[in-house]
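K.L.:
Pasting start_14.cif below, which is mmCIF, C-alpha atoms and all ligand atoms.
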data_start
loop_
_atom_site.label_atom_id
_atom_site.label_comp_id
_atom_site.auth_asym_id
_atom_site.auth_seq_id
_atom_site.Cartn_x
_atom_site.Cartn_y
_atom_site.Cartn_z
CA MET B 1 3.25 6.27 -17.05
CA GLU B 2 6.58 4.60 -16.69
CA GLY B 3 7.63 2.38 -19.56
CA ARG B 4 8.39 -1.27 -19.07
CA ASN B 5 10.86 -3.53 -20.68
CA GLU B 6 8.76 -5.94 -22.68
CA ASP B 7 10.82 -8.80 -21.32
CA GLN B 8 9.12 -8.14 -18.01
CA ILE B 9 5.75 -8.67 -19.60
CA PHE B 10 6.34 -11.17 -22.31
CA ASN B 11 8.38 -14.13 -21.25
CA GLY B 12 10.76 -15.21 -23.93
CA GLY B 13 9.35 -18.61 -24.70
CA ASP B 14 11.05 -20.30 -21.77
CA GLY B 15 7.95 -22.29 -20.97
CA MET B 16 6.71 -20.04 -18.17
CA LYS B 17 3.31 -18.46 -18.38
CA THR B 18 2.96 -14.71 -17.94
CA ARG B 19 0.29 -13.21 -15.72
CA LEU B 20 -2.40 -11.16 -17.42
CA ILE B 21 -3.43 -9.26 -14.31
CA GLY B 22 -1.29 -6.21 -13.83
CA MET B 23 -1.35 -5.46 -17.55
CA ASN B 24 -2.84 -2.21 -18.76
CA ALA B 25 -4.90 -1.74 -21.92
CA ASP B 26 -1.85 -1.24 -24.16
CA GLU B 27 -0.17 -4.37 -22.87
CA LEU B 28 -3.32 -6.42 -23.28
CA GLY B 29 -3.44 -5.08 -26.84
CA LYS B 30 0.04 -6.47 -27.42
CA VAL B 31 -1.06 -9.81 -26.01
CA ALA B 32 -4.01 -9.81 -28.39
CA ARG B 33 -1.75 -9.06 -31.37
CA GLU B 34 0.80 -11.62 -30.33
CA THR B 35 -1.77 -14.39 -29.99
CA GLY B 36 -3.58 -13.53 -33.22
CA LEU B 37 -6.72 -12.24 -31.51
CA PRO B 38 -8.69 -9.28 -32.85
CA LYS B 39 -7.84 -5.85 -31.50
CA PHE B 40 -11.03 -5.65 -29.44
CA ALA B 41 -9.98 -8.75 -27.51
CA ALA B 42 -7.85 -6.44 -25.33
CA GLY B 43 -11.02 -4.81 -24.03
CA GLN B 44 -12.64 -8.20 -23.57
CA MET B 45 -9.69 -9.43 -21.56
CA ALA B 46 -9.66 -6.29 -19.41
CA ARG B 47 -13.34 -6.73 -18.64
CA TRP B 48 -12.89 -10.38 -17.69
CA LEU B 49 -9.85 -9.63 -15.55
CA TYR B 50 -10.90 -6.44 -13.75
CA VAL B 51 -14.70 -6.26 -13.90
CA LYS B 52 -15.89 -9.86 -14.00
CA LYS B 53 -12.82 -11.02 -12.07
CA ALA B 54 -12.42 -14.24 -13.99
CA GLY B 55 -10.04 -16.66 -12.34
CA ASP B 56 -9.16 -18.53 -15.52
CA ILE B 57 -8.73 -17.78 -19.21
CA GLU B 58 -11.27 -20.51 -19.97
CA MET B 59 -13.96 -18.32 -18.39
CA MET B 60 -13.46 -15.61 -21.07
CA THR B 61 -16.27 -17.03 -23.15
CA ASP B 62 -16.65 -14.14 -25.59
CA ILE B 63 -13.17 -14.95 -26.87
CA SER B 64 -13.17 -17.85 -29.31
CA LYS B 65 -12.25 -21.31 -28.02
CA GLU B 66 -9.18 -21.38 -30.25
CA GLY B 67 -8.23 -17.89 -29.10
CA ARG B 68 -8.50 -18.94 -25.45
CA GLN B 69 -6.36 -21.97 -26.16
CA ARG B 70 -3.68 -19.85 -27.81
CA LEU B 71 -3.80 -17.42 -24.90
CA ALA B 72 -3.54 -20.19 -22.31
CA GLU B 73 -0.44 -21.59 -23.98
CA ARG B 74 1.57 -18.59 -22.83
CA TYR B 75 -0.55 -16.69 -20.33
CA GLU B 76 -2.50 -17.18 -17.14
CA VAL B 77 -4.82 -14.89 -15.17
CA GLY B 78 -2.36 -15.02 -12.29
CA VAL B 79 -4.31 -14.18 -9.12
CA THR B 80 -2.38 -15.46 -6.10
CA GLY B 81 -4.64 -16.78 -3.34
CA TYR B 82 -3.97 -15.92 0.29
CA SER B 83 -2.04 -18.34 2.46
CA ASP B 84 -3.27 -17.15 5.84
CA LEU B 85 -6.18 -15.13 7.18
CA GLN B 86 -6.86 -13.65 10.60
CA ILE B 87 -10.15 -12.07 11.55
CA SER B 88 -10.40 -9.51 14.33
CA SER B 89 -13.30 -9.24 16.74
CA ASP B 90 -14.02 -5.84 15.14
CA GLY B 91 -14.29 -7.38 11.67
CA THR B 92 -10.88 -6.29 10.41
CA LYS B 93 -9.31 -9.05 8.31
CA LYS B 94 -5.65 -9.57 7.70
CA TYR B 95 -4.55 -11.57 4.68
CA LEU B 96 -1.13 -13.00 4.02
CA PHE B 97 -0.03 -13.52 0.42
CA PRO B 98 2.98 -15.40 -0.84
CA VAL B 99 4.99 -13.38 -3.35
CA LEU B 100 5.81 -15.71 -6.18
CA GLY B 101 9.02 -15.34 -8.11
CA GLU B 102 9.79 -16.35 -11.65
CA HIS B 103 11.63 -19.49 -10.60
CA ARG B 104 9.66 -22.74 -10.77
CA SER B 105 9.66 -25.99 -8.93
CA PRO B 106 10.08 -29.21 -10.99
CA SER B 107 6.28 -29.51 -11.01
CA GLY B 108 5.99 -26.07 -12.61
CA ASP B 109 4.76 -24.07 -9.60
CA ARG B 110 6.30 -20.66 -9.01
CA LEU B 111 8.50 -20.60 -5.93
CA GLU B 112 7.85 -18.15 -3.10
CA ARG B 113 10.20 -15.23 -2.62
CA GLY B 114 8.53 -13.69 0.39
CA ALA B 115 5.15 -12.81 1.80
CA VAL B 116 3.15 -9.63 2.12
CA GLU B 117 0.04 -8.55 3.93
CA ALA B 118 -3.20 -6.85 2.99
CA VAL B 119 -5.68 -5.67 5.61
CA MET B 120 -9.39 -5.21 4.99
CA ILE B 121 -10.98 -2.68 7.31
CA PRO B 122 -14.79 -2.61 7.40
CA ASP B 123 -16.48 0.58 8.53
CA GLY B 124 -20.24 0.84 8.09
CA ASP B 125 -20.94 0.59 4.38
CA ARG B 126 -17.28 1.01 3.50
CA SER B 127 -14.58 -1.62 3.10
CA THR B 128 -11.05 -0.30 2.78
CA LEU B 129 -8.21 -2.50 1.62
CA CYS B 130 -4.73 -1.61 2.84
CA VAL B 131 -2.29 -3.07 0.33
CA SER B 132 1.44 -3.73 0.28
CA SER B 133 3.71 -2.40 -2.46
CA GLN B 134 7.01 -4.11 -1.59
CA SER B 135 8.18 -7.25 0.14
CA GLY B 136 9.95 -5.69 3.12
CA CYS B 137 11.11 -2.09 2.86
CA ARG B 138 14.37 -0.21 2.55
CA MET B 139 13.31 2.99 4.33
CA GLY B 140 14.34 1.59 7.72
CA CYS B 141 11.94 3.49 9.97
CA ARG B 142 12.91 2.41 13.45
CA PHE B 143 9.37 2.08 14.80
CA CYS B 144 8.24 -0.25 12.02
CA MET B 145 8.45 -4.03 11.92
CA THR B 146 8.50 -4.06 8.13
CA GLY B 147 11.46 -1.69 8.14
CA ARG B 148 13.28 -4.11 10.39
CA GLN B 149 12.72 -6.98 8.02
CA GLY B 150 14.93 -5.47 5.37
CA PHE B 151 14.10 -5.33 1.69
CA HIS B 152 13.18 -8.41 -0.31
CA GLY B 153 11.91 -6.92 -3.55
CA HIS B 154 9.39 -4.75 -5.33
CA LEU B 155 5.91 -6.08 -5.92
CA SER B 156 4.80 -6.05 -9.54
CA ALA B 157 1.54 -4.41 -10.55
CA ALA B 158 0.24 -7.98 -10.86
CA ASP B 159 1.20 -8.67 -7.24
CA ILE B 160 -0.57 -5.50 -6.13
CA ILE B 161 -3.73 -6.00 -8.20
CA SER B 162 -3.81 -9.62 -7.10
CA GLN B 163 -4.37 -8.44 -3.51
CA PHE B 164 -7.57 -6.68 -4.64
CA LEU B 165 -8.79 -9.71 -6.56
CA ALA B 166 -7.93 -12.40 -4.01
CA VAL B 167 -9.53 -11.06 -0.84
CA ASP B 168 -12.97 -12.39 0.06
CA GLU B 169 -14.40 -8.85 -0.13
CA SER B 170 -13.09 -8.22 -3.65
CA ASP B 171 -16.55 -7.31 -4.99
CA SER B 172 -17.45 -4.97 -2.14
CA LEU B 173 -14.28 -2.96 -1.62
CA THR B 174 -14.94 0.78 -1.61
CA ASN B 175 -11.51 2.29 -0.85
CA ALA B 176 -7.83 1.49 -0.98
CA VAL B 177 -4.84 2.75 0.93
CA PHE B 178 -1.25 2.08 -0.09
CA MET B 179 -0.15 1.83 3.52
CA GLY B 180 0.85 -1.79 3.89
CA MET B 181 4.34 -3.18 3.63
CA GLY B 182 6.84 -1.10 1.68
CA GLU B 183 7.23 2.49 0.52
CA PRO B 184 5.00 2.86 -2.55
CA LEU B 185 7.00 5.73 -4.03
CA ASP B 186 10.10 3.53 -3.93
CA ASN B 187 8.30 1.28 -6.42
CA TYR B 188 6.80 4.07 -8.48
CA GLY B 189 6.27 2.43 -11.86
CA GLU B 190 4.47 -0.67 -10.61
CA VAL B 191 2.39 1.25 -8.06
CA MET B 192 1.28 3.75 -10.70
CA ARG B 193 0.48 0.93 -13.09
CA ALA B 194 -1.72 -0.61 -10.36
CA ILE B 195 -3.39 2.77 -9.78
CA GLU B 196 -3.97 3.08 -13.52
CA ILE B 197 -5.72 -0.31 -13.51
CA LEU B 198 -7.80 0.66 -10.48
CA THR B 199 -8.95 3.98 -11.96
CA ALA B 200 -9.15 3.40 -15.74
CA PRO B 201 -12.56 2.95 -17.37
CA TRP B 202 -11.34 -0.37 -18.83
CA GLY B 203 -10.15 -1.44 -15.35
CA PHE B 204 -11.82 -1.21 -11.96
CA ALA B 205 -13.08 2.30 -12.89
CA TRP B 206 -12.65 3.63 -9.34
CA SER B 207 -12.52 7.34 -8.71
CA PRO B 208 -9.01 8.40 -7.61
CA LYS B 209 -10.73 9.86 -4.56
CA ARG B 210 -11.16 6.30 -3.31
CA ILE B 211 -7.40 5.79 -3.17
CA THR B 212 -4.83 7.17 -0.72
CA LEU B 213 -1.10 6.68 -1.08
CA SER B 214 1.01 6.95 2.05
CA THR B 215 4.68 7.91 1.83
CA VAL B 216 7.60 8.95 3.98
CA GLY B 217 8.25 11.62 1.33
CA VAL B 218 10.52 10.36 -1.45
CA LEU B 219 10.69 13.76 -3.13
CA PRO B 220 11.34 13.09 -6.86
CA ALA B 221 8.70 10.36 -7.01
CA LEU B 222 6.35 12.43 -4.85
CA ARG B 223 6.44 15.27 -7.38
CA ARG B 224 5.62 12.81 -10.15
CA PHE B 225 2.80 11.30 -8.11
CA LEU B 226 1.29 14.72 -7.47
CA ASP B 227 1.59 15.59 -11.17
CA GLU B 228 0.44 12.29 -12.59
CA SER B 229 -2.38 11.20 -10.28
CA ARG B 230 -5.36 12.70 -8.52
CA CYS B 231 -5.30 10.26 -5.59
CA HIS B 232 -5.17 11.45 -2.00
CA LEU B 233 -1.82 11.70 -0.25
CA ALA B 234 -0.77 10.80 3.30
CA VAL B 235 2.70 11.72 4.55
CA SER B 236 4.40 10.03 7.51
CA LEU B 237 5.65 12.99 9.53
CA HIS B 238 6.18 11.91 13.18
CA SER B 239 8.33 14.90 14.22
CA PRO B 240 8.50 18.52 13.03
CA PHE B 241 12.17 18.68 14.05
CA SER B 242 14.66 17.43 11.50
CA ASP B 243 17.19 15.93 13.94
CA GLU B 244 14.49 14.07 15.83
CA ARG B 245 12.79 12.84 12.70
CA LEU B 246 16.14 11.67 11.38
CA SER B 247 16.69 9.63 14.56
CA VAL B 248 13.68 7.44 13.73
CA MET B 249 13.34 7.93 9.96
CA PRO B 250 16.56 7.73 7.92
CA VAL B 251 14.75 9.19 4.88
CA GLU B 252 14.88 12.60 6.59
CA LYS B 253 18.54 12.86 5.59
CA ALA B 254 17.85 12.72 1.85
CA TYR B 255 14.40 14.29 1.87
CA PRO B 256 13.81 16.60 4.85
CA ILE B 257 10.19 16.96 5.90
CA ARG B 258 10.43 20.74 5.39
CA ASP B 259 11.21 20.16 1.70
CA VAL B 260 8.36 17.66 1.47
CA VAL B 261 5.92 20.19 2.91
CA ASP B 262 7.28 22.91 0.61
CA LEU B 263 6.64 20.67 -2.38
CA ILE B 264 3.11 19.89 -1.21
CA ARG B 265 2.43 23.62 -0.92
CA GLU B 266 2.89 23.89 -4.69
CA TYR B 267 -0.25 21.78 -5.25
CA ASP B 268 -3.90 22.53 -4.68
CA PHE B 269 -5.52 20.62 -1.84
CA THR B 270 -8.44 22.98 -1.37
CA GLY B 271 -10.69 20.94 -3.68
CA GLN B 272 -11.45 17.27 -3.71
CA ARG B 273 -7.90 16.05 -3.38
CA ARG B 274 -6.72 15.75 0.21
CA VAL B 275 -3.39 15.61 1.99
CA SER B 276 -3.00 14.28 5.51
CA PHE B 277 -0.03 13.88 7.81
CA GLU B 278 0.46 10.79 9.94
CA TYR B 279 1.85 11.54 13.39
CA THR B 280 2.50 8.58 15.67
CA MET B 281 2.67 9.70 19.29
CA PHE B 282 5.74 8.49 21.19
CA SER B 283 5.81 9.32 24.90
CA GLY B 284 8.49 11.88 25.75
CA PHE B 285 9.73 12.00 22.16
CA ASN B 286 7.33 14.00 20.01
CA ASP B 287 4.29 14.71 22.17
CA SER B 288 5.13 18.01 23.91
CA ARG B 289 3.59 21.44 23.52
CA ARG B 290 6.81 22.50 21.77
CA HIS B 291 6.21 19.78 19.17
CA ALA B 292 2.59 20.79 18.67
CA ASP B 293 3.61 24.41 18.14
CA ALA B 294 6.38 23.45 15.70
CA LEU B 295 3.94 21.26 13.82
CA ILE B 296 1.49 24.15 13.62
CA ARG B 297 4.23 26.38 12.20
CA LEU B 298 5.36 23.72 9.72
CA LEU B 299 1.85 23.17 8.35
CA SER B 300 0.61 26.73 8.70
CA GLY B 301 -1.66 27.82 5.87
CA LEU B 302 -1.82 24.34 4.31
CA GLU B 303 -5.23 22.76 3.78
CA CYS B 304 -4.57 19.43 5.47
CA ARG B 305 -5.43 17.06 8.25
CA VAL B 306 -3.21 15.56 10.94
CA ASN B 307 -3.90 12.00 12.02
CA LEU B 308 -2.59 11.28 15.50
CA ILE B 309 -1.81 7.60 15.88
CA ARG B 310 -1.49 5.62 19.09
CA PHE B 311 1.78 3.74 19.11
CA HIS B 312 1.92 0.08 20.03
CA SER B 313 5.33 -0.76 21.35
CA ILE B 314 7.67 -3.09 19.56
CA PRO B 315 10.79 -4.83 20.86
CA ASP B 316 14.00 -2.78 21.05
CA PHE B 317 12.37 0.57 20.38
CA PRO B 318 12.97 2.98 23.27
CA TYR B 319 9.68 4.88 23.28
CA ALA B 320 6.28 3.87 24.57
CA ALA B 321 2.87 5.15 23.55
CA SER B 322 1.86 8.61 24.68
CA PRO B 323 -0.89 8.61 27.33
CA ASP B 324 -4.39 9.27 25.98
CA LEU B 325 -4.67 12.60 27.79
CA ILE B 326 -1.45 13.84 26.17
CA ILE B 327 -2.71 12.80 22.74
CA GLU B 328 -6.02 14.55 23.32
CA ASN B 329 -4.29 17.75 24.50
CA PHE B 330 -2.02 17.62 21.44
CA ARG B 331 -5.04 17.23 19.18
CA ASP B 332 -6.87 20.10 20.86
CA ARG B 333 -3.86 22.40 20.51
CA LEU B 334 -3.68 21.70 16.78
CA ASN B 335 -7.41 22.16 16.37
CA ARG B 336 -7.36 25.49 18.23
CA ALA B 337 -4.67 26.66 15.79
CA GLY B 338 -6.96 25.80 12.87
CA ILE B 339 -5.35 22.48 11.89
CA THR B 340 -7.83 19.64 11.74
CA ALA B 341 -6.44 16.85 13.90
CA THR B 342 -8.04 13.54 14.72
CA ILE B 343 -7.02 10.58 16.83
CA ARG B 344 -7.23 7.44 14.77
CA ALA B 345 -9.21 4.54 16.08
CA SER B 346 -7.11 1.41 16.30
CA ARG B 347 -8.54 -1.46 14.34
CA GLY B 348 -7.81 -5.15 14.46
CA GLU B 349 -5.37 -4.96 17.35
CA ASP B 350 -6.20 -8.50 18.42
CA ILE B 351 -4.93 -9.83 15.08
CA LEU B 352 -1.79 -7.68 14.91
CA ALA B 353 -3.23 -5.58 12.11
CA ALA B 354 -0.24 -3.37 11.64
CA CYS B 355 2.34 -3.55 9.00
CA GLY B 356 4.84 -6.35 9.05
CA MET B 357 3.48 -8.32 11.96
CA LEU B 358 1.83 -11.20 10.17
CA ALA B 359 4.58 -11.62 7.61
CA GLY B 360 7.06 -11.40 10.47
CA ARG B 361 5.29 -14.15 12.34
CA HIS B 362 5.65 -16.33 9.30
CA GLY B 363 9.39 -15.89 9.33
CA THR B 364 9.64 -14.04 6.05
CA GLY B 365 11.55 -11.17 7.56
CA LYS B 366 15.20 -11.51 8.36
CA ASN B 367 14.91 -9.61 11.63
CA ALA B 368 11.33 -10.28 12.52
CA GLY B 369 10.62 -11.56 15.98
CA SER B 370 9.35 -15.04 16.52
CA GLY B 371 5.65 -15.63 16.59
CA GLU B 372 5.72 -15.71 20.35
CA GLU B 373 7.56 -12.42 20.60
CA SER B 374 5.25 -10.75 18.15
CA ALA B 375 1.99 -12.11 19.42
CA GLY B 376 -0.22 -9.52 21.01
CA LYS B 377 1.88 -6.58 19.90
CA SER B 378 1.49 -4.33 16.96
CA VAL B 379 3.15 -1.31 15.51
CA ALA B 380 1.81 1.85 14.03
CA GLY B 381 4.66 3.04 11.86
CA LYS B 382 1.94 3.64 9.38
CA SER B 383 -1.54 3.16 10.70
CA VAL B 384 -2.43 0.33 8.36
CA ALA B 385 -5.41 -0.46 10.50
CA GLU B 386 -6.79 2.99 10.16
CA LYS B 387 -9.83 3.81 8.20
CA GLU B 388 -10.16 6.21 5.36
CA ASP B 389 -13.02 8.55 5.93
CA GLU B 390 -14.16 9.77 2.56
CA SER B 391 -15.28 8.04 -0.53
S1 LIG O 1 6.94 2.83 8.06
FE1 LIG O 1 6.64 2.43 5.87
S2 LIG O 1 8.39 3.40 4.86
FE2 LIG O 1 8.95 3.17 7.04
S3 LIG O 1 10.00 1.19 7.13
FE3 LIG O 1 7.82 0.80 7.57
S4 LIG O 1 6.93 0.22 5.58
FE4 LIG O 1 8.91 1.23 5.17
#
Could the structure of this file be written out as structure tokens, please?
P.N.:
Amino acid sequence: MEGRNEDQIFNGGDGMKTRLIGMNADELGKVARETGLPKFAAGQMARWLYVKKAGDIEMMTDISKEGRQRLAERYEVGVTGYSDLQISSDGTKKYLFPVLGEHRSPSGDRLERGAVEAVMIPDGDRSTLCVSSQSGCRMGCRFCMTGRQGFHGHLSAADIISQFLAVDESDSLTNAVFMGMGEPLDNYGEVMRAIEILTAPWGFAWSPKRITLSTVGVLPALRRFLDESRCHLAVSLHSPFSDERLSVMPVEKAYPIRDVVDLIREYDFTGQRRVSFEYTMFSGFNDSRRHADALIRLLSGLECRVNLIRFHSIPDFPYAASPDLIIENFRDRLNRAGITATIRASRGEDILAACGMLAGRHGTGKNAGSGEESAGKSVAGKSVAEKEDES
């Protein structure tokens, strides 16, 4: 687990309160020590924050009244409520969260430094939350509205965990995908801290099998993720040919997909851990038989799944969605070659449930289209509206 400068956690007495959510057991232990609470108060705080989901320190009634008062002088729970909500006819819900900076208004409220989205996707008895890890993104994928918005900052573990605690379905979530705004492996320390809180016995106590992290393939951080977690992995692939992939995904230059696949081959995905590859189908770009055959060669022998994603066009991107028949033929060709391929059901299209659209509508992105331009369109750079299919 990546270390943190304590200044990030403990404000230096400048009058601002520090958020307790996003802290792991060790950090809560430091808070307990610093506020003169007994050592076991760290466990009490963790239970109130992550199990009982207390919204206020005052609710932590097994901590003494004086202890709570001392805590509240410098700390707050720190869940940020959503500022907008859209509900699709299929039940998918899209939440918009302000990202609050450390600067304060004269009245003491934290000032906004952007907005991010989280999407809740219901599917039978499952509820998957797709969370954001950054405000904007610096990967610059050309088919993605978030990529076009530029980069506005990393989310802290508190910002990420807050998404889980603030949605209306907080108590009934079954799965999580790091597929919202941002590249999670570009914010490795905070994302892994959030995953630690989600999976630790003192935290949410989720199995890592309930969590999938989606990446374009930032190699050094990917190796660490594969070594340090047991969560599922999804890789945005989109073309088996390096020059073509580079034309829509600048990351290909630093971290070619062939190297990403070679790294993945070093790990065991024959057991409970799964790897999948996201492949958005662009008409006339990556949907030919030649592409299917190259994809089969690239992934040959790897225990994996390919998710074929219908593209929803965005302004100033030259490719349209592949026709359904082409997608189905592509899927069948992969399946005949022994690679499990599925076509992902689109969810929440009527509420723009793909990454970057809602935040873009709210003008948080530098290059986002106006609400009118964006309305009714969505993008599937990553299929944020997709559903995870295993618990
Ligand atoms: S697809 Fe993902 S990695 Fe690429 S720009 Fe969009 S958010 Fe960033």
K.L.:
Could you work out an axis-aligned bounding box for all listed atoms of ligand LIG 1 (chain O), with 8 Å added on each of the six sides, and give its centre and edge lengths in Å to one decimal, as JSON?
P.N.:
{"center_x": 8.3, "center_y": 1.8, "center_z": 6.5, "size_x": 19.4, "size_y": 19.2, "size_z": 19.2}
K.L.:
Find the residue from B:Gln149, B:Thr270, B:Ser162, B:Asn335 that sits nearest to ligand LIG 1 (chain O); use only C-alpha atoms and all ligand atoms when measuring.
P.N.:
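Under the stated criterion, the closest residue is B:Gln149.
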K.L.:
Rank nothing, just name the residue among B:His238, B:Arg347, B:Arg336, B:Arg274 nearest to ligand LIG 1 (chain O), using only C-alpha atoms and all ligand atoms.
P.N.:
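Checking each candidate against ligand LIG 1 (chain O), we get B:His238 as the closest.
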K.L.:
To check your reading of the model: which residues sit at most 6 Å from ligand LIG 1 (chain O) when counting only C-alpha atoms and all ligand atoms? Write the answer as a tab-separated table (two decimals) with C-alpha atoms, keeping the file's coordinate frame.
P.N.:
chain	number	residue	atom	x	y	z
B	137	CYS	CA	11.11	-2.09	2.86
B	139	MET	CA	13.31	2.99	4.33
B	140	GLY	CA	14.34	1.59	7.72
B	141	CYS	CA	11.94	3.49	9.97
B	144	CYS	CA	8.24	-0.25	12.02
B	146	THR	CA	8.50	-4.06	8.13
B	147	GLY	CA	11.46	-1.69	8.14
B	181	MET	CA	4.34	-3.18	3.63
B	182	GLY	CA	6.84	-1.10	1.68
B	183	GLU	CA	7.23	2.49	0.52
B	216	VAL	CA	7.60	8.95	3.98
B	381	GLY	CA	4.66	3.04	11.86
B	382	LYS	CA	1.94	3.64	9.38
K.L.:
Using all atoms listed in the file, which of B:Ser239, B:Ser88, B:Gln69, B:Gln134 sits nearest Ile121 of chain B?
P.N.:
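Among the listed residues, B:Ser88 lies closest to Ile121 of chain B.
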K.L.:
Which of these, B:Ala194, B:Val218, B:Val31, B:Val306, has the shortest distance to Glu252 of chain B once you count all atoms listed in the file?
P.N.:
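Result for the nearest residue to Glu252 of chain B: B:Val218.
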K.L.:
Find the residues near Arg305 of chain B: any atom within 7 Å, counting all atoms listed in the file, skip ones fewer than 3 places away on the same chain, and give them as a list in words.
P.N.:
Val275, Ser276, Phe277, Ile339, Thr340 and Ala341 of chain B
K.L.:
Find the residue from B:Gln44, B:Ser133, B:Asn175, B:Gln163 that sits nearest to Val79 of chain B; use all atoms listed in the file when measuring.
P.N.:
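Between B:Gln44, B:Ser133, B:Asn175, B:Gln163, the residue approaching Val79 of chain B most closely is B:Gln163.
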K.L.:
From the set B:Phe225, B:Phe40, B:Trp202, B:Phe285, which residue has the shortest atom-to-atom contact distance to Pro240 of chain B, counting only C-alpha atoms?
P.N.:
B:Phe285
K.L.:
What does the distance between atom CA of Asp109 of chain B and atom CA of Lys17 of chain B come to in Å, to one decimal place?
P.N.:
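A separation of 10.5 Å between them.
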K.L.:
I'd like the contact shell of Ser132 of chain B - 7 Å cut-off, only C-alpha atoms, skipping same-chain residues fewer than 5 positions apart - returned as a ChimeraX atom specification.
P.N.:
/B:116-118,160,178-182
K.L.:
Just the number, please: distance in Å from atom CA of Val131 of chain B to atom CA of Asp268 of chain B, one decimal.
P.N.:
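Between these atoms lies a distance of 26.1 Å.
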